[in-house]
file input_20.csv (CSV, C-alpha atoms)
chain,number,residue,atom,x,y,z
O,1,MET,CA,-218.7,99.9,57.1
O,2,VAL,CA,-219.9,99.8,53.5
O,3,TRP,CA,-216.5,99.0,52.2
O,4,LEU,CA,-216.6,95.6,53.8
O,5,ASP,CA,-219.9,94.9,52.1
O,6,ASN,CA,-218.3,96.0,48.8
O,7,ALA,CA,-215.4,93.6,49.5
O,8,ARG,CA,-217.8,90.7,50.0
O,9,ILE,CA,-219.7,91.3,46.8
O,10,ILE,CA,-216.6,91.6,44.6
O,11,ALA,CA,-214.9,88.8,46.4
O,12,ILE,CA,-217.7,86.3,45.6
O,13,LEU,CA,-217.6,87.4,42.0
O,14,ALA,CA,-213.9,86.7,42.0
O,15,VAL,CA,-214.6,83.2,43.5
O,16,VAL,CA,-217.0,82.4,40.7
O,17,MET,CA,-214.5,83.6,38.1
O,18,LEU,CA,-211.8,81.5,39.7
O,19,HIS,CA,-213.8,78.4,39.3
O,20,VAL,CA,-214.9,79.2,35.8
O,21,ALA,CA,-211.3,79.9,34.7
O,22,ALA,CA,-210.1,76.7,36.4
O,23,ASP,CA,-211.7,74.6,33.7
O,24,PHE,CA,-209.3,76.1,31.2
O,25,VAL,CA,-206.3,75.8,33.5
O,26,PHE,CA,-206.9,72.1,34.2
O,27,ASP,CA,-208.5,70.9,31.0
O,28,TYR,CA,-206.0,72.4,28.5
O,29,PRO,CA,-202.2,71.7,28.1
O,30,VAL,CA,-199.9,74.0,30.0
O,31,GLY,CA,-198.9,76.8,27.6
O,32,ASP,CA,-201.9,76.5,25.3
O,33,VAL,CA,-203.5,79.8,24.3
O,34,ALA,CA,-206.7,78.9,26.1
O,35,TRP,CA,-204.7,77.8,29.1
O,36,TRP,CA,-202.9,81.1,29.2
O,37,VAL,CA,-206.2,83.0,29.1
O,38,GLY,CA,-207.6,80.9,31.9
O,39,ASN,CA,-204.3,81.2,33.9
O,40,VAL,CA,-204.4,85.0,33.7
O,41,TYR,CA,-208.0,85.3,34.7
O,42,ASP,CA,-207.4,82.8,37.6
O,43,SER,CA,-204.3,84.6,38.7
O,44,ALA,CA,-206.0,87.9,38.8
O,45,VAL,CA,-208.6,86.8,41.4
O,46,ARG,CA,-206.5,84.6,43.8
O,47,TRP,CA,-207.0,87.2,46.5
O,48,CYS,CA,-210.7,86.2,46.9
O,49,VAL,CA,-210.4,83.7,49.7
O,50,PRO,CA,-207.7,85.6,51.7
O,51,LEU,CA,-210.0,88.6,51.5
O,52,PHE,CA,-212.9,86.7,53.0
O,53,VAL,CA,-210.6,85.6,55.9
O,54,MET,CA,-209.4,89.2,56.4
O,55,ILE,CA,-213.0,90.5,56.4
O,56,SER,CA,-213.8,87.9,59.1
O,57,GLY,CA,-210.8,89.0,61.2
O,58,ALA,CA,-211.7,92.7,60.7
O,59,LEU,CA,-215.2,92.1,62.1
O,60,LEU,CA,-214.7,89.3,64.7
O,61,LEU,CA,-211.4,90.3,66.4
O,62,ASP,CA,-212.6,93.6,67.8
O,63,PRO,CA,-211.9,93.2,71.5
O,64,SER,CA,-214.7,95.6,72.3
O,65,LYS,CA,-217.1,92.8,71.4
O,66,ASN,CA,-217.1,91.4,74.9
O,67,GLU,CA,-219.4,88.5,74.4
O,68,PRO,CA,-219.6,85.5,76.8
O,69,LEU,CA,-218.3,82.3,75.3
O,70,LYS,CA,-221.8,80.8,75.3
O,71,THR,CA,-223.2,83.7,73.4
O,72,PHE,CA,-220.4,83.7,70.8
O,73,TYR,CA,-220.6,80.0,70.1
O,74,SER,CA,-224.4,79.9,70.0
O,75,LYS,CA,-224.3,82.5,67.3
O,76,ARG,CA,-221.7,80.7,65.3
O,77,VAL,CA,-223.6,77.4,65.5
O,78,SER,CA,-226.5,79.0,63.8
O,79,ARG,CA,-224.5,81.0,61.2
O,80,LEU,CA,-221.9,78.4,60.3
O,81,LEU,CA,-222.5,74.9,61.5
O,82,VAL,CA,-226.1,74.7,60.2
O,83,PRO,CA,-225.1,75.7,56.7
O,84,LEU,CA,-222.0,73.4,56.9
O,85,LEU,CA,-224.1,70.3,57.8
O,86,PHE,CA,-226.9,71.1,55.4
O,87,TRP,CA,-224.6,71.7,52.4
O,88,THR,CA,-222.4,68.8,53.2
O,89,LEU,CA,-225.5,66.5,52.9
O,90,VAL,CA,-226.7,68.4,49.7
O,91,TYR,CA,-223.3,68.0,48.0
O,92,LEU,CA,-223.0,64.4,49.0
O,93,ALA,CA,-226.4,63.8,47.4
O,94,TRP,CA,-225.3,65.8,44.4
O,95,ARG,CA,-222.2,63.6,44.0
O,96,VAL,CA,-224.4,60.5,44.2
O,97,ALA,CA,-226.7,61.9,41.5
O,98,LYS,CA,-223.8,62.8,39.3
O,99,GLY,CA,-222.4,59.3,39.6
O,100,VAL,CA,-225.7,57.7,38.6
O,101,VAL,CA,-226.1,60.0,35.6
O,102,THR,CA,-222.6,59.6,34.3
O,103,GLY,CA,-222.3,55.9,35.1
O,104,ASN,CA,-219.6,56.4,37.7
O,105,PRO,CA,-221.3,55.7,41.0
O,106,GLU,CA,-219.7,57.0,44.2
O,107,SER,CA,-218.8,54.5,46.9
O,108,VAL,CA,-219.9,55.0,50.4
O,109,SER,CA,-216.3,54.9,51.6
O,110,SER,CA,-215.4,57.6,49.1
O,111,LEU,CA,-218.2,59.9,50.3
O,112,LEU,CA,-217.4,59.3,54.0
O,113,GLY,CA,-213.7,59.8,53.4
O,114,SER,CA,-214.2,63.1,51.7
O,115,VAL,CA,-216.2,64.3,54.7
O,116,LEU,CA,-213.4,63.2,57.0
O,117,ASP,CA,-210.9,65.0,54.7
O,118,GLY,CA,-213.0,68.2,55.0
O,119,THR,CA,-213.8,68.2,51.3
O,120,PRO,CA,-217.2,66.7,50.7
O,121,TYR,CA,-217.1,69.1,47.7
O,122,TYR,CA,-214.2,71.1,46.5
O,123,HIS,CA,-215.4,74.5,47.6
O,124,LEU,CA,-216.7,73.4,51.0
O,125,TRP,CA,-213.2,73.2,52.4
O,126,PHE,CA,-213.5,76.9,53.2
O,127,LEU,CA,-216.3,76.3,55.7
O,128,TYR,CA,-214.5,73.4,57.3
O,129,MET,CA,-211.4,75.7,57.7
O,130,ILE,CA,-213.3,78.7,59.0
O,131,VAL,CA,-214.9,76.6,61.8
O,132,GLY,CA,-211.4,76.4,63.3
O,133,LEU,CA,-210.9,80.1,63.1
O,134,TYR,CA,-214.3,80.8,64.7
O,135,LEU,CA,-213.6,78.2,67.4
O,136,PHE,CA,-210.6,80.1,68.6
O,137,THR,CA,-211.8,83.6,67.9
O,138,PRO,CA,-212.7,84.4,71.6
O,139,PHE,CA,-209.2,83.6,72.6
O,140,MET,CA,-207.6,85.5,69.7
O,141,ARG,CA,-209.6,88.5,70.9
O,142,MET,CA,-207.9,88.2,74.2
O,143,VAL,CA,-204.5,88.3,72.4
O,144,VAL,CA,-205.6,91.4,70.5
O,145,ALA,CA,-206.8,93.1,73.7
O,146,GLN,CA,-203.5,92.5,75.5
O,147,ALA,CA,-200.9,92.7,72.8
O,148,SER,CA,-199.5,95.9,71.4
O,149,THR,CA,-200.1,96.7,67.7
O,150,SER,CA,-196.4,96.3,66.9
O,151,SER,CA,-196.4,92.8,68.6
O,152,LEU,CA,-199.4,91.8,66.5
O,153,TRP,CA,-197.6,93.0,63.3
O,154,VAL,CA,-194.6,90.8,64.3
O,155,LEU,CA,-197.0,87.9,64.9
O,156,VAL,CA,-198.6,88.3,61.5
O,157,ALA,CA,-195.3,88.7,59.7
O,158,ALA,CA,-193.8,85.6,61.3
O,159,GLY,CA,-197.0,83.6,60.7
O,160,MET,CA,-197.1,84.6,57.0
O,161,VAL,CA,-193.5,83.5,56.5
O,162,MET,CA,-194.1,80.2,58.1
O,163,ALA,CA,-197.4,79.7,56.2
O,164,ALA,CA,-195.7,80.6,52.8
O,165,VAL,CA,-192.8,78.2,53.5
O,166,ASN,CA,-195.3,75.4,54.5
O,167,SER,CA,-197.2,76.1,51.3
O,168,LEU,CA,-194.1,75.7,49.1
O,169,TYR,CA,-193.0,72.6,50.9
O,170,SER,CA,-196.4,71.0,50.6
O,171,LYS,CA,-196.5,71.5,46.8
O,172,ILE,CA,-192.9,70.4,46.2
O,173,SER,CA,-193.1,67.3,48.5
O,174,GLY,CA,-196.6,66.4,47.6
O,175,VAL,CA,-197.5,65.7,51.2
O,176,GLY,CA,-200.8,67.6,51.0
O,177,ASP,CA,-202.3,70.0,53.6
O,178,GLY,CA,-202.8,67.6,56.5
O,179,LEU,CA,-205.9,67.1,58.5
O,180,PHE,CA,-208.6,69.7,57.9
O,181,ILE,CA,-208.8,70.4,61.6
O,182,ASN,CA,-205.4,72.0,61.3
O,183,TRP,CA,-206.1,74.1,58.1
O,184,PHE,CA,-207.2,77.2,60.1
O,185,LEU,CA,-203.8,77.6,61.6
O,186,LEU,CA,-202.3,78.6,58.2
O,187,TYR,CA,-204.9,81.3,57.9
O,188,VAL,CA,-204.5,82.8,61.4
O,189,PRO,CA,-202.1,85.5,60.0
O,190,TYR,CA,-204.7,86.6,57.5
O,191,PHE,CA,-207.3,86.7,60.3
O,192,PHE,CA,-205.2,89.0,62.4
O,193,LEU,CA,-204.1,91.0,59.4
O,194,GLY,CA,-207.7,91.9,58.6
O,195,TYR,CA,-208.1,93.4,62.1
O,196,LEU,CA,-204.8,95.3,61.8
O,197,LEU,CA,-205.6,96.7,58.4
O,198,ARG,CA,-209.1,97.7,59.4
O,199,HIS,CA,-207.8,99.7,62.4
O,200,SER,CA,-204.7,101.1,60.8
O,201,GLU,CA,-204.7,104.8,60.5
O,202,THR,CA,-201.8,104.9,58.1
O,203,TYR,CA,-202.6,104.4,54.4
O,204,PRO,CA,-199.9,103.3,51.9
O,205,SER,CA,-199.9,105.4,48.7
O,206,ARG,CA,-202.4,104.4,46.1
O,207,LYS,CA,-199.6,104.1,43.5
O,208,SER,CA,-197.8,101.6,45.7
O,209,VAL,CA,-200.9,99.6,46.3
O,210,ILE,CA,-201.9,99.5,42.6
O,211,PHE,CA,-198.3,98.7,41.6
O,212,THR,CA,-198.2,95.7,44.1
O,213,LEU,CA,-201.5,94.4,42.7
O,214,LEU,CA,-200.5,94.8,39.0
O,215,THR,CA,-197.2,93.1,39.5
O,216,SER,CA,-198.3,90.3,41.7
O,217,ILE,CA,-200.9,89.1,39.1
O,218,PRO,CA,-198.5,88.5,36.2
O,219,LEU,CA,-195.9,87.1,38.6
O,220,THR,CA,-198.5,84.6,39.7
O,221,ALA,CA,-199.4,83.6,36.2
O,222,VAL,CA,-195.8,83.4,34.9
O,223,GLY,CA,-194.6,81.7,38.1
O,224,PHE,CA,-197.2,79.0,37.7
O,225,TYR,CA,-196.2,78.5,34.0
O,226,LEU,CA,-192.5,78.3,34.7
O,227,LEU,CA,-192.8,76.0,37.7
O,228,ALA,CA,-195.3,73.8,35.8
O,229,ILE,CA,-192.9,73.4,32.9
O,230,ILE,CA,-190.0,72.6,35.2
O,231,ALA,CA,-191.7,70.4,37.8
O,232,GLY,CA,-195.2,69.7,36.6
O,233,ARG,CA,-198.6,71.2,36.9
O,234,SER,CA,-199.2,70.1,40.5
O,235,VAL,CA,-196.0,71.8,41.7
O,236,GLY,CA,-196.7,74.9,39.6
O,237,LEU,CA,-200.0,75.3,41.5
O,238,TYR,CA,-197.9,76.6,44.4
O,239,PHE,CA,-198.4,80.1,42.8
O,240,TYR,CA,-202.1,79.7,43.1
O,241,ASP,CA,-201.9,78.9,46.7
O,242,TYR,CA,-203.6,81.5,48.9
O,243,LEU,CA,-200.3,81.6,50.9
O,244,SER,CA,-197.9,81.9,48.1
O,245,VAL,CA,-195.3,84.7,47.9
O,246,THR,CA,-197.3,86.4,45.2
O,247,VAL,CA,-200.9,86.0,46.5
O,248,ILE,CA,-200.1,87.3,50.0
O,249,PRO,CA,-199.1,90.9,48.8
O,250,MET,CA,-201.9,90.7,46.1
O,251,SER,CA,-204.5,90.1,48.8
O,252,VAL,CA,-203.2,92.9,51.1
O,253,ALA,CA,-203.3,95.3,48.2
O,254,VAL,CA,-206.9,94.5,47.3
O,255,PHE,CA,-207.9,94.9,50.9
O,256,TRP,CA,-206.4,98.4,51.0
O,257,LEU,CA,-208.2,99.3,47.8
O,258,PHE,CA,-211.5,98.4,49.2
O,259,LYS,CA,-210.8,100.2,52.5
O,260,ALA,CA,-210.0,103.4,50.5
O,261,TYR,CA,-213.3,103.2,48.6
O,262,LYS,CA,-216.2,104.3,50.9
O,263,GLN,CA,-219.1,104.5,48.5
O,264,PRO,CA,-221.6,101.6,48.2
O,265,ILE,CA,-222.0,99.5,45.0
O,266,GLY,CA,-225.3,101.0,43.8
O,267,SER,CA,-227.6,102.0,46.6
O,268,MET,CA,-226.9,101.3,50.3
O,269,SER,CA,-229.8,98.9,50.5
O,270,MET,CA,-228.8,97.0,47.4
O,271,THR,CA,-225.2,96.7,48.7
O,272,LYS,CA,-226.4,95.3,52.0
O,273,SER,CA,-228.7,92.9,50.3
O,274,LEU,CA,-226.1,91.6,47.9
O,275,ALA,CA,-223.5,91.3,50.7
O,276,ALA,CA,-226.0,89.3,52.8
O,277,LEU,CA,-226.4,86.7,50.1
O,278,THR,CA,-222.7,86.2,49.6
O,279,LEU,CA,-222.5,82.9,51.5
O,280,GLY,CA,-225.5,81.6,49.5
O,281,VAL,CA,-223.8,82.4,46.2
O,282,TYR,CA,-220.6,80.7,47.4
O,283,LEU,CA,-222.5,77.5,48.4
O,284,ILE,CA,-224.7,77.3,45.3
O,285,HIS,CA,-222.6,78.4,42.3
O,286,PRO,CA,-220.8,75.0,41.6
O,287,MET,CA,-224.1,73.5,40.7
O,288,PHE,CA,-224.8,75.9,38.0
O,289,LEU,CA,-221.2,75.7,36.8
O,290,GLU,CA,-221.4,72.0,36.5
O,291,LEU,CA,-224.8,72.0,35.0
O,292,PHE,CA,-223.7,74.2,32.1
O,293,ASN,CA,-220.6,71.9,31.6
O,294,PHE,CA,-222.7,68.8,31.7
O,295,LEU,CA,-225.0,70.2,29.0
O,296,GLY,CA,-222.0,71.0,26.8
O,297,ILE,CA,-222.6,74.8,26.9
O,298,GLY,CA,-220.1,75.7,29.6
O,299,ALA,CA,-217.3,78.3,29.3
O,300,THR,CA,-214.9,75.9,27.6
O,301,ALA,CA,-217.3,75.6,24.6
O,302,PHE,CA,-216.5,79.2,23.7
O,303,PRO,CA,-213.4,81.4,23.4
O,304,ALA,CA,-211.9,81.8,26.8
O,305,ILE,CA,-211.2,85.5,26.7
O,306,VAL,CA,-215.0,86.2,26.4
O,307,SER,CA,-216.6,83.2,28.0
O,308,ILE,CA,-214.9,83.5,31.3
O,309,PRO,CA,-216.3,86.9,32.3
O,310,VAL,CA,-219.6,86.2,30.6
O,311,PHE,CA,-220.1,82.9,32.4
O,312,THR,CA,-218.9,84.4,35.7
O,313,LEU,CA,-221.7,87.0,35.6
O,314,LEU,CA,-224.3,84.4,34.4
O,315,ILE,CA,-223.5,81.9,37.1
O,316,TYR,CA,-223.3,84.7,39.7
O,317,VAL,CA,-226.7,86.1,38.8
O,318,LEU,CA,-228.3,82.6,38.7
O,319,SER,CA,-226.7,81.7,42.1
O,320,LEU,CA,-227.8,85.1,43.5
O,321,ALA,CA,-231.4,84.5,42.4
O,322,ALA,CA,-231.4,81.0,43.9
O,323,ALA,CA,-229.9,82.3,47.2
O,324,TRP,CA,-232.5,85.0,47.3
O,325,VAL,CA,-235.3,82.5,46.9
O,326,MET,CA,-233.8,80.3,49.6
O,327,SER,CA,-233.5,83.3,51.9
O,328,LYS,CA,-237.3,83.6,51.8
O,329,LEU,CA,-238.0,80.0,52.8
O,330,PRO,CA,-238.7,79.3,56.5
O,331,PHE,CA,-236.0,76.7,57.4
O,332,ILE,CA,-233.8,76.9,54.4
O,333,LYS,CA,-232.9,80.6,55.0
O,334,ARG,CA,-230.8,79.5,58.0
O,335,CYS,CA,-228.6,77.5,55.6
O,336,ILE,CA,-227.3,80.4,53.5
call {"tool": "encode", "arguments": {"input": "input_20.csv", "output": "structure tokens"}}
result
Amino acid sequence: MVWLDNARIIAILAVVMLHVAADFVFDYPVGDVAWWVGNVYDSAVRWCVPLFVMISGALLLDPSKNEPLKTFYSKRVSRLLVPLLFWTLVYLAWRVAKGVVTGNPESVSSLLGSVLDGTPYYHLWFLYMIVGLYLFTPFMRMVVAQASTSSLWVLVAAGMVMAAVNSLYSKISGVGDGLFINWFLLYVPYFFLGYLLRHSETYPSRKSVIFTLLTSIPLTAVGFYLLAIIAGRSVGLYFYDYLSVTVIPMSVAVFWLFKAYKQPIGSMSMTKSLAALTLGVYLIHPMFLELFNFLGIGATAFPAIVSIPVFTLLIYVLSLAAAWVMSKLPFIKRCI
């Protein structure tokens, strides 16, 4: 299914853009011109993480994959837990090195606390979350096998409503997202949705899908601005949440667009190769991003409207090259 490989490739580019644009969103005053540029770019790619979750659901929830539990879990240990443990250690070491260089050393308690919080580094939360989804995937397959399609749609709709309400409450109350072992529960609706959309034989009209995407992006950007002005930046970030009322329809629209496009990006072999390195790019790219910023030649050193896409491509290419090199090394290749 080449469209799923296409989705992986573009989604990882979107993740890199999200993190490049974030420097403008968080380092500039709300309403500043550079802030607005970063806000628009960031809003336009908020679908990236939901798309990854839906791709996983589309592939893993197929009930025809009748694997014994031992087989399923042994595969996941190799594909997910090994990278999770390896990169947790790498980024803890990266934080220690940064602390030494900048004169702000990290305490042992801070490092250990971040691991217990599921965020040894800001982007690794996704791997900690996805572990929960994978842990319960065999049982969710049983649900898919026994439930009717209409029942699954009801489950997804109810789950999305609850997750969206929880997201809003968390931002307004400031209570946070709770223990990382519970994070996956909020993404279960996306997981099931990926399976349902993959197997759906009914396509919405292209106009309605594009309209949904093109309206949800400005609504996300403007919603963030208005809520930030009223209640502060931290509350305004609700609209950036992957379960906000604007990001949910945006993510579904993007998934439909990928499903409707069946041609590979470039040649078939290139598409498969790029897709296979997606996890590696995800894990590596913050290092290049921070290295450029540390040297004073990051995206914020240049006009945002140009620097965000340029640095997105630059950091993606460098991360891709690093991931490719690592994929050729005997043990390290298991970690990407």
call {"tool": "closest_residue", "arguments": {"input": "input_20.csv", "among": "O:Tyr316, O:Trp36, O:Trp324, O:Trp87", "to": "Ala276 (chain O)", "atoms": "all atoms listed in the file"}}
result
O:Trp324
call {"tool": "residues_around", "arguments": {"input": "input_20.csv", "residues": "region 283-296 of chain O", "least_positions_apart": "6", "cutoff": "10 Å", "atoms": "all atoms listed in the file", "output": "ChimeraX atom specification"}}
result
/O:12,15-16,19-20,23,83-84,87-88,91,94,98,102,121-124,127,311-312,314-320,322-323,335-336
call {"tool": "residues_near_point", "arguments": {"input": "input_20.csv", "point": "(-212.4, 83.3, 48.0)", "cutoff": "9 Å", "atoms": "all atoms listed in the file", "output": "JSON list (two decimals) with C-alpha atoms, in the coordinates of the input"}}
result
[["chain", "number", "residue", "atom", "x", "y", "z"],
["O", 11, "ALA", "CA", -214.90, 88.80, 46.40],
["O", 12, "ILE", "CA", -217.70, 86.30, 45.60],
["O", 13, "LEU", "CA", -217.60, 87.40, 42.00],
["O", 14, "ALA", "CA", -213.90, 86.70, 42.00],
["O", 15, "VAL", "CA", -214.60, 83.20, 43.50],
["O", 16, "VAL", "CA", -217.00, 82.40, 40.70],
["O", 18, "LEU", "CA", -211.80, 81.50, 39.70],
["O", 45, "VAL", "CA", -208.60, 86.80, 41.40],
["O", 46, "ARG", "CA", -206.50, 84.60, 43.80],
["O", 47, "TRP", "CA", -207.00, 87.20, 46.50],
["O", 48, "CYS", "CA", -210.70, 86.20, 46.90],
["O", 49, "VAL", "CA", -210.40, 83.70, 49.70],
["O", 50, "PRO", "CA", -207.70, 85.60, 51.70],
["O", 51, "LEU", "CA", -210.00, 88.60, 51.50],
["O", 52, "PHE", "CA", -212.90, 86.70, 53.00],
["O", 53, "VAL", "CA", -210.60, 85.60, 55.90],
["O", 126, "PHE", "CA", -213.50, 76.90, 53.20],
["O", 282, "TYR", "CA", -220.60, 80.70, 47.40]]
call {"tool": "residues_near_point", "arguments": {"input": "input_20.csv", "point": "(-221.0, 75.6, 60.7)", "cutoff": "10 Å", "atoms": "all atoms listed in the file", "output": "PyMOL selection string"}}
result
chain O and resi 76-87+127-128+130-132+134+335
call {"tool": "residues_around", "arguments": {"input": "input_20.csv", "residues": "Thr202 (chain O)", "least_positions_apart": "3", "cutoff": "12 Å", "atoms": "all atoms listed in the file", "output": "list in words"}}
result
Leu196, Leu197, Arg198, His199, Ser205, Trp256, Lys259 and Ala260 of chain O
call {"tool": "write_last_selection", "arguments": {"input": "input_20.csv", "atoms": "C-alpha atoms", "output": "PDB file, in the coordinates of the input"}}
result
ATOM      1  CA  LEU O 196    -204.800  95.300  61.800  1.00  0.00           C
ATOM      2  CA  LEU O 197    -205.600  96.700  58.400  1.00  0.00           C
ATOM      3  CA  ARG O 198    -209.100  97.700  59.400  1.00  0.00           C
ATOM      4  CA  HIS O 199    -207.800  99.700  62.400  1.00  0.00           C
ATOM      5  CA  SER O 205    -199.900 105.400  48.700  1.00  0.00           C
ATOM      6  CA  TRP O 256    -206.400  98.400  51.000  1.00  0.00           C
ATOM      7  CA  LYS O 259    -210.800 100.200  52.500  1.00  0.00           C
ATOM      8  CA  ALA O 260    -210.000 103.400  50.500  1.00  0.00           C
TER       9      ALA O 260
END
call {"tool": "closest_residue", "arguments": {"input": "input_20.csv", "among": "O:Gly223, O:Gly232, O:Gly118, O:Gly159", "to": "Phe192 (chain O)", "atoms": "all atoms listed in the file"}}
result
O:Gly159
call {"tool": "residues_around", "arguments": {"input": "input_20.csv", "residues": "Glu67 (chain O)", "least_positions_apart": "5", "cutoff": "12 Å", "atoms": "all atoms listed in the file", "output": "PyMOL selection string"}}
result
chain O and resi 60-62+72-75+137-139+141-142
call {"tool": "residues_around", "arguments": {"input": "input_20.csv", "residues": "Pro189 (chain O)", "least_positions_apart": "2", "cutoff": "6 Å", "atoms": "all atoms listed in the file", "output": "number ranges by chain"}}
result
O: 156, 159-160, 187, 191-193
call {"tool": "build_atoms", "arguments": {"input": "input_20.csv", "residues": "region 275-299 of chain O", "atoms": "N, CA and C atoms", "output": "mmCIF file, in the frame of the given file"}}
result
data_model
loop_
_atom_site.group_PDB
_atom_site.id
_atom_site.type_symbol
_atom_site.label_atom_id
_atom_site.label_comp_id
_atom_site.auth_asym_id
_atom_site.auth_seq_id
_atom_site.Cartn_x
_atom_site.Cartn_y
_atom_site.Cartn_z
ATOM 1 N N ALA O 275 -224.547 91.771 49.764
ATOM 2 C CA ALA O 275 -223.500 91.300 50.700
ATOM 3 C C ALA O 275 -224.112 90.161 51.584
ATOM 4 N N ALA O 276 -225.377 90.306 51.971
ATOM 5 C CA ALA O 276 -226.000 89.300 52.800
ATOM 6 C C ALA O 276 -226.181 87.965 52.145
ATOM 7 N N LEU O 277 -226.202 87.955 50.811
ATOM 8 C CA LEU O 277 -226.400 86.700 50.100
ATOM 9 C C LEU O 277 -225.078 86.099 49.594
ATOM 10 N N THR O 278 -223.974 86.651 50.051
ATOM 11 C CA THR O 278 -222.700 86.200 49.600
ATOM 12 C C THR O 278 -222.444 84.702 49.910
ATOM 13 N N LEU O 279 -222.735 84.289 51.131
ATOM 14 C CA LEU O 279 -222.500 82.900 51.500
ATOM 15 C C LEU O 279 -223.398 81.973 50.625
ATOM 16 N N GLY O 280 -224.629 82.387 50.380
ATOM 17 C CA GLY O 280 -225.500 81.600 49.500
ATOM 18 C C GLY O 280 -224.946 81.409 48.128
ATOM 19 N N VAL O 281 -224.430 82.482 47.549
ATOM 20 C CA VAL O 281 -223.800 82.400 46.200
ATOM 21 C C VAL O 281 -222.629 81.449 46.240
ATOM 22 N N TYR O 282 -221.812 81.567 47.271
ATOM 23 C CA TYR O 282 -220.600 80.700 47.400
ATOM 24 C C TYR O 282 -221.041 79.236 47.425
ATOM 25 N N LEU O 283 -222.072 78.928 48.172
ATOM 26 C CA LEU O 283 -222.500 77.500 48.400
ATOM 27 C C LEU O 283 -223.170 76.960 47.115
ATOM 28 N N ILE O 284 -223.899 77.778 46.393
ATOM 29 C CA ILE O 284 -224.700 77.300 45.300
ATOM 30 C C ILE O 284 -224.011 77.238 43.949
ATOM 31 N N HIS O 285 -223.094 78.156 43.682
ATOM 32 C CA HIS O 285 -222.600 78.400 42.300
ATOM 33 C C HIS O 285 -221.984 77.138 41.636
ATOM 34 N N PRO O 286 -221.324 76.202 42.354
ATOM 35 C CA PRO O 286 -220.800 75.000 41.600
ATOM 36 C C PRO O 286 -221.840 74.226 40.896
ATOM 37 N N MET O 287 -223.065 74.225 41.408
ATOM 38 C CA MET O 287 -224.100 73.500 40.700
ATOM 39 C C MET O 287 -224.433 74.019 39.358
ATOM 40 N N PHE O 288 -224.550 75.338 39.264
ATOM 41 C CA PHE O 288 -224.800 75.900 38.000
ATOM 42 C C PHE O 288 -223.616 75.767 37.023
ATOM 43 N N LEU O 289 -222.430 75.904 37.563
ATOM 44 C CA LEU O 289 -221.200 75.700 36.800
ATOM 45 C C LEU O 289 -221.170 74.324 36.160
ATOM 46 N N GLU O 290 -221.435 73.328 36.975
ATOM 47 C CA GLU O 290 -221.400 72.000 36.500
ATOM 48 C C GLU O 290 -222.541 71.597 35.582
ATOM 49 N N LEU O 291 -223.679 72.219 35.840
ATOM 50 C CA LEU O 291 -224.800 72.000 35.000
ATOM 51 C C LEU O 291 -224.567 72.440 33.553
ATOM 52 N N PHE O 292 -224.006 73.648 33.418
ATOM 53 C CA PHE O 292 -223.700 74.200 32.100
ATOM 54 C C PHE O 292 -222.619 73.249 31.417
ATOM 55 N N ASN O 293 -221.627 72.810 32.175
ATOM 56 C CA ASN O 293 -220.600 71.900 31.600
ATOM 57 C C ASN O 293 -221.185 70.597 31.168
ATOM 58 N N PHE O 294 -222.097 70.060 31.977
ATOM 59 C CA PHE O 294 -222.700 68.800 31.700
ATOM 60 C C PHE O 294 -223.533 68.862 30.362
ATOM 61 N N LEU O 295 -224.173 70.008 30.162
ATOM 62 C CA LEU O 295 -225.000 70.200 29.000
ATOM 63 C C LEU O 295 -224.143 70.556 27.730
ATOM 64 N N GLY O 296 -222.841 70.718 27.941
ATOM 65 C CA GLY O 296 -222.000 71.000 26.800
ATOM 66 C C GLY O 296 -221.975 72.475 26.394
ATOM 67 N N ILE O 297 -222.493 73.354 27.258
ATOM 68 C CA ILE O 297 -222.600 74.800 26.900
ATOM 69 C C ILE O 297 -221.855 75.617 27.985
ATOM 70 N N GLY O 298 -220.840 75.006 28.593
ATOM 71 C CA GLY O 298 -220.100 75.700 29.600
ATOM 72 C C GLY O 298 -219.069 76.666 28.964
ATOM 73 N N ALA O 299 -218.254 77.293 29.796
ATOM 74 C CA ALA O 299 -217.300 78.300 29.300
ATOM 75 C C ALA O 299 -216.317 77.745 28.305
#
